[in-house]
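Working notes for the structure below.
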Amino acid sequence: MDVVVSAESDHGYSFISNGDGTFQPAMEFRSRPLGRLAVADLDGDGKADLVSAAYGAPMSGLDVLIGNGAGRFLDSLTLDTGGTPSASKMADVNADGKTDLIVASYGGGSVDVLLGNGRGGYLSDSQSSVGKGPSDIAVGDVDGDGKLDLVTSNFDSSTVSVLLGKGDGTYQTARSFATGNSPSGVAVADVNADGKPDLVTSNFDADSVSVLLGTGGGSFGAAASYAVEKSPSAVTAADLNGDGRADIAVSNFDSDSVSVLLATSTGFATAVSYPTGKAPAGLTLADVNGNYGSTYIGWRDATCRRSNHGYRNRSDRSYRSEA
């Protein structure tokens with residue numbers, strides 16, 4: 001697994017893995033400042049391409065950068081989505097074998113779906129309304145019909161919106177469910193192992209995560225909250241300790257840490273936090289050293305341009321720093 005990082009300047013950085021949990025020196029490529037990144041093969045050449053969603057006038061837009069297969073990304077095109085893009089995801093939402101692009105517009109309170117043509121371009125664009133200030137997107141089949149659905153965390157309305165997919169790249173009218181204050185990130189996972197997808201949000205202004213258990217058919221129960229450290233930003237959910245339940249990890253922007261909440265039979269254990277660099281804004285999980293355990297990879301805000309911070313999974317399911 002390699003690492004791609006956005007930064008304050010008009011460049012991003014890619015770090016190529018050495019295969020043992022260490023990385024080669026950074027390679028620069030052009031990117032919008034502070035863009036949220038999504039990676040997939042857009043043009044069908046077997047090489048990873050990149051989409052950077054940058055927000056903040058006059059630079060708002062989506063940069064699509066085509067990968068050369070060696071860790072560098074080449075300028076391709078900039079898409080004007082007509083709003084302030086806050087997050088993007090890539091997935092085949094209409095099951096035609098081509099990668100599509102999903103974009104959240106913070107100012108527009110909407111999600112745009114751009115169907116891919118398999119050559120790095122897009123054929124059509126459909127838009128769906130969600131809550132106020134969508135800040136993140138998750139993609140998954142939340143109602144069990146085999147079609148990909150969308151979920152947004154809505155920062156300004158303290159909700160999540162669920163858009164059930166029709167299978168052709170269009171969506172039913174959004175349904176909203178309450179979360180904690182100002183959800184910044186959202187993830188879809190089966191946290192209680194009942195076979196139904198659940199939702200997890202990181203609540204920036206509440207210093208908590210919310211868990212909404214799925215009740216079937218794309219509906220969710222009332223949010224249960226669990227305390228973490230200050231200003232949780234990104235969230236992800238995966239089985240970190242091998243017990244078959246999805247655990248939660250969040251990056252805490254204002255406490256310079258990442259918190260881990262292990263799933264139990266009744267909910268989640270008290271969060272355990274690990275220090276990071278300054279203002280961690282992003283978080284993902286991957287096996288970067290081939291030991292079949294999850295490793296955190298975080299990226300920081302504009303104050304630390306070329307920084308990433310990792311934690312390797314120990315055999316006792318705790319983590320050691322790999323700054």
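A note on labels: chains of the structure tokens are A, B, ... as shown, every chain counts residues from 1, and ligands are counted from 1 in their shown order.
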
Excluding Ala206 of chain A and residues on its chain fewer than 4 positions from it, collect all residues at most 9 Å away from it, counting only C-alpha atoms, and give them as a PyMOL selection string. chain A and resi 180-183+202+227+230-232

Extract the full set of strand (DSSP E or B) residues from segment 38-287 of chain A according to DSSP on the backbone, and format it as a ChimeraX atom specification. /A:38-40,49-54,61-67,73-79,85-91,100-105,110-116,122-129,134-140,149-154,159-163,165,171,175-178,183-189,198-203,208-212,214-216,219-220,224-227,232-238,247-252,257-261,263,268,272-275,280-286

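Minimum distance to Ser219 of chain A across A:Asp143, A:Asp43, A:Asp254, A:Asp247 (counting only C-alpha atoms) occurs at A:Asp143.
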
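Taking atom CA of Gly221 of chain A and atom CA of Met90 of chain A as the two end points, the separation is 27.5 Å.
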
I'd like the contact shell of Ser233 of chain A - 9 Å cut-off, only C-alpha atoms, skipping same-chain residues fewer than 3 positions apart - returned as a short mmCIF file (atom, residue, chain, number, x, y, z; two decimals) with C-alpha atoms, in the first residue's frame.
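Below is the file that was written, selection_9.cif:
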data_model
loop_
_atom_site.label_atom_id
_atom_site.label_comp_id
_atom_site.auth_asym_id
_atom_site.auth_seq_id
_atom_site.Cartn_x
_atom_site.Cartn_y
_atom_site.Cartn_z
CA PRO A 183 -20.70 15.35 11.82
CA SER A 184 -17.50 15.70 9.84
CA GLY A 185 -17.00 12.12 8.62
CA SER A 202 -17.38 11.64 13.78
CA ASN A 203 -19.01 14.66 15.45
CA PHE A 204 -16.60 17.59 15.28
CA VAL A 250 -11.15 8.62 14.40
CA SER A 251 -8.59 11.39 13.90
CA ASN A 252 -8.94 14.17 16.50
CA PHE A 253 -8.07 17.48 14.86
CA PRO A 280 -4.66 15.22 12.01
CA ALA A 281 -7.37 15.76 9.41
CA GLY A 282 -7.58 12.44 7.56
CA LEU A 283 -7.40 8.77 8.38
#

Counting only C-alpha atoms, what is within 10 Å of segment 171-177 of chain A, bar same-chain residues fewer than 5 positions away, as number ranges by chain? A: 113, 126-131, 148-154, 157-166, 212, 218-223

Measuring between only C-alpha atoms, which one of A:Val235, A:Arg72, A:Gly108, A:Thr179 shows the shortest distance to Ile137 of chain A? A:Val235

Show which residues sit within 9 Å of Ala193 of chain A, as a ChimeraX atom specification. Count only C-alpha atoms, and ignore same-chain residues fewer than 2 positions away. /A:190-191,195-197,244-246

Distance atom CA of Ala38 of chain A-atom CA of Ser110 of chain A, one decimal place? 18.4 Å

I'd like the interatomic distance between atom CA of Ala104 of chain A and atom CA of Ser86 of chain A, to a tenth of an Å.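 That distance, rounded to one decimal, is 5.7 Å.
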
Selection: 10 Å around Val93 of chain A, only C-alpha atoms, excl. self and same-chain fewer than 5 positions, as a PyMOL selection string: chain A and resi 98-102+113-116+139-140+147-150+165-170

For Gly118 of chain A, which residue among A:Ala178, A:Gly46, A:Phe268, A:Thr201 is the nearest when counting only C-alpha atoms?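 The answer is A:Gly46, which sits nearest to Gly118 of chain A.
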